[in-house]
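To start, the structure itself, in structure tokens.
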Amino acid sequence: MSAEGAVSYELRERVAWIGLNRPLKRNAINDALLSELEAAVRRAQHDARALVVFGHGPCFCAGLDLAEHRAREAAEVFHHSRSWHAAFSVLRRGRIPAIAALHGATVGGGLELAAACHLRVADPSVFFALPEGQRGIYVGGGASVHVARLLGASRMMDMMLTGRVLDAAAAERAGLVNYLVEAGAAQDKAGELAAKVAAMAPLTVLGVLQALPRIQDMAEEDGLFVESMMAALAQTGPEAAARLADFVEKRGAKVTGPSET
């Protein structure tokens, strides 16, 4: 494992493990961490079939490192925000699924990072907040789009206007958390999910990661057209033919109920 600097990187079979590595700063994001994170995610796109983002130490990420925050002109703030968008876009628009394994504080920019991943696994210690409103600033790492789409604009308004904090159970009910697990089990569950999605057919993954988010922004007929195009591409590939044959000939696993898995 490469653990030097603000981000650690480890490749375990087909899964890249990317760790925020400023535990004494609660993994607060400064420019160095953001740069190393983007580089690690880019590396994972070539090394792996899935990636897990997690935090070393007591929490996932406490957000922007305000201790290193300095006064900026409006244009500088704009471009700094856009640098966060660019870094997180490598996660969102990359070729492999990204899973966030969450524990402890997942606040501000930490929540924005978690929202940039495709799936989120949380243990009961997790809490989510957007404290920017209480500090007289505004979110700048993509929350207005990505967190609001997960939670709904009304819930995000509540968090920003009142400082409301969501625990893991409330976040799961609101749709922010995909999996709620026992204490200390977030990384294990994230690894299990990453191994599962790493085994998926590449064309199916391409459709889920690249087509599905874009379809949400399309008019109904345009979205249905793209769905049909993606279905035609995926279902005529050689891997799909082999997997469908396995299912028809009873070599493939059947879908079972939640209590049976």
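Going through the structure tokens in order, the chains are called A, B, and so on, while each chain numbers its residues from 1 and the ligands are numbered from 1 in the order shown.
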
Practice item. Using only C-alpha atoms, determine which residues lie at most 12 Å from region 162-168 of chain A, disregarding the query and same-chain residues fewer than 2 positions distant; provide the list as an MDAnalysis selection string. Key: chainID A and resid 102:108 111 120:136 151 154:160 170:183 186

Could you write those residues out with C-alpha atoms, as a short mmCIF file (atom, residue, chain, number, x, y, z; two decimals), in the first residue's frame?
```
data_model
loop_
_atom_site.label_atom_id
_atom_site.label_comp_id
_atom_site.auth_asym_id
_atom_site.auth_seq_id
_atom_site.Cartn_x
_atom_site.Cartn_y
_atom_site.Cartn_z
CA LEU A 102 -18.29 6.00 5.62
CA HIS A 103 -17.75 6.32 9.35
CA GLY A 104 -17.85 9.27 11.72
CA ALA A 105 -18.07 12.83 10.46
CA THR A 106 -19.05 13.14 6.80
CA VAL A 107 -19.50 16.87 6.70
CA GLY A 108 -19.44 19.68 4.13
CA LEU A 111 -20.48 14.87 2.13
CA ARG A 120 -22.48 4.88 -0.11
CA VAL A 121 -22.08 2.44 2.78
CA ALA A 122 -22.37 3.82 6.33
CA ASP A 123 -22.04 2.46 9.83
CA PRO A 124 -24.03 3.89 12.78
CA SER A 125 -21.28 6.33 13.75
CA VAL A 126 -21.78 8.40 10.58
CA PHE A 127 -23.34 11.84 10.70
CA PHE A 128 -23.93 14.21 7.80
CA ALA A 129 -24.05 18.01 7.83
CA LEU A 130 -23.68 21.01 5.55
CA PRO A 131 -22.38 23.65 7.97
CA GLU A 132 -21.48 26.17 5.28
CA GLY A 133 -24.73 28.07 5.82
CA GLN A 134 -23.92 28.55 9.51
CA ARG A 135 -20.46 29.84 8.60
CA GLY A 136 -21.68 32.49 6.20
CA LEU A 151 -31.78 14.12 -0.65
CA SER A 154 -36.04 20.69 0.56
CA ARG A 155 -33.94 18.48 2.85
CA MET A 156 -30.75 20.16 1.70
CA MET A 157 -32.30 23.57 2.41
CA ASP A 158 -33.14 22.37 5.90
CA MET A 159 -29.55 21.25 6.52
CA MET A 160 -28.07 24.52 5.25
CA ALA A 170 -32.09 9.24 8.84
CA ALA A 171 -29.72 9.44 5.89
CA GLU A 172 -30.68 5.94 4.78
CA ARG A 173 -34.38 6.82 4.98
CA ALA A 174 -33.73 9.95 2.92
CA GLY A 175 -31.89 8.03 0.20
CA LEU A 176 -28.42 9.39 0.89
CA VAL A 177 -27.08 6.06 2.20
CA ASN A 178 -27.46 2.88 0.14
CA TYR A 179 -26.34 0.43 2.83
CA LEU A 180 -26.43 0.80 6.62
CA VAL A 181 -24.21 -1.75 8.36
CA GLU A 182 -23.03 -2.61 11.84
CA ALA A 183 -20.39 -0.57 13.63
CA ALA A 186 -18.49 -0.18 6.34
#
```

Exercise for review: Compile the contact shell of region 230-237 of chain A as a PyMOL selection string: residues with an atom at most 8 Å away, counting only C-alpha atoms, same-chain residues fewer than 6 positions apart removed.
Suggested key: chain A and resi 203-204+207+211

Exercise for review: Run DSSP on the backbone and grab whatever in region 83-154 of chain A lands in strand (DSSP E or B); send it over as a PyMOL selection string.
Suggested key: chain A and resi 98-102+105-107+119-122+127-129

**Study point:** 8 Å contact set for region 12-19 of chain A, only C-alpha atoms, chain neighbours under 6 positions out, as an NGL selection string
**Key:** :A and (37 or 40-41 or 44 or 47-56 or 191 or 194-195 or 198)

Which neighbours of region 72-84 of chain A fall inside 9 Å, counting only C-alpha atoms, when residues of the same chain fewer than 5 positions from it are skipped, and could you give them as a short mmCIF file (atom, residue, chain, number, x, y, z; two decimals) with all heavy atoms, in the first residue's frame?
```cif
data_model
loop_
_atom_site.label_atom_id
_atom_site.label_comp_id
_atom_site.auth_asym_id
_atom_site.auth_seq_id
_atom_site.Cartn_x
_atom_site.Cartn_y
_atom_site.Cartn_z
N LEU A 34 -6.81 17.25 -2.27
CA LEU A 34 -7.67 17.22 -3.45
C LEU A 34 -6.88 16.78 -4.68
O LEU A 34 -7.35 15.96 -5.48
CB LEU A 34 -8.29 18.59 -3.68
CG LEU A 34 -9.36 18.67 -4.77
CD1 LEU A 34 -10.61 17.90 -4.35
CD2 LEU A 34 -9.72 20.12 -5.07
N SER A 89 -15.55 15.07 -10.52
CA SER A 89 -16.07 14.57 -11.79
C SER A 89 -15.33 13.34 -12.27
O SER A 89 -15.89 12.48 -12.96
CB SER A 89 -15.99 15.67 -12.86
OG SER A 89 -16.47 15.20 -14.11
N VAL A 139 -21.91 26.16 -0.25
CA VAL A 139 -21.25 24.94 -0.73
C VAL A 139 -20.57 25.22 -2.07
O VAL A 139 -21.04 26.03 -2.86
CB VAL A 139 -22.25 23.78 -0.87
CG1 VAL A 139 -22.79 23.37 0.48
CG2 VAL A 139 -23.41 24.16 -1.80
N GLY A 140 -19.46 24.52 -2.31
CA GLY A 140 -18.72 24.75 -3.55
C GLY A 140 -18.17 23.50 -4.19
O GLY A 140 -17.48 23.57 -5.21
N GLY A 141 -18.47 22.32 -3.62
CA GLY A 141 -17.93 21.09 -4.17
C GLY A 141 -18.95 20.22 -4.88
O GLY A 141 -18.72 19.03 -5.07
N GLY A 142 -20.06 20.82 -5.27
CA GLY A 142 -21.06 20.08 -6.04
C GLY A 142 -22.33 19.74 -5.30
O GLY A 142 -23.23 19.11 -5.87
#
```

Review point. Running DSSP on the backbone, which parts of region 16-240 of chain A land in alpha helix (DSSP H), as a ChimeraX atom specification?
Key: /A:31-47,74-92,109-116,146-151,153-162,168-174,186-198,202-206,212-215,220-235,238-240

Study note, to complete from the structure: Separating CA of Glu68 (chain A) from CA of Asn30 (chain A), to the nearest tenth of an Å, is a gap of 7.0 Å

Exercise for review: State, in Å with one decimal place, the distance from CA of Pro23 (chain A) to CA of Asp188 (chain A).
Suggested key: 19.9 Å

Practice item. Rounded to one decimal place, report the CA of Gly57 (chain A)-CA of Ile29 (chain A) distance in Å. Key: 14.3 Å
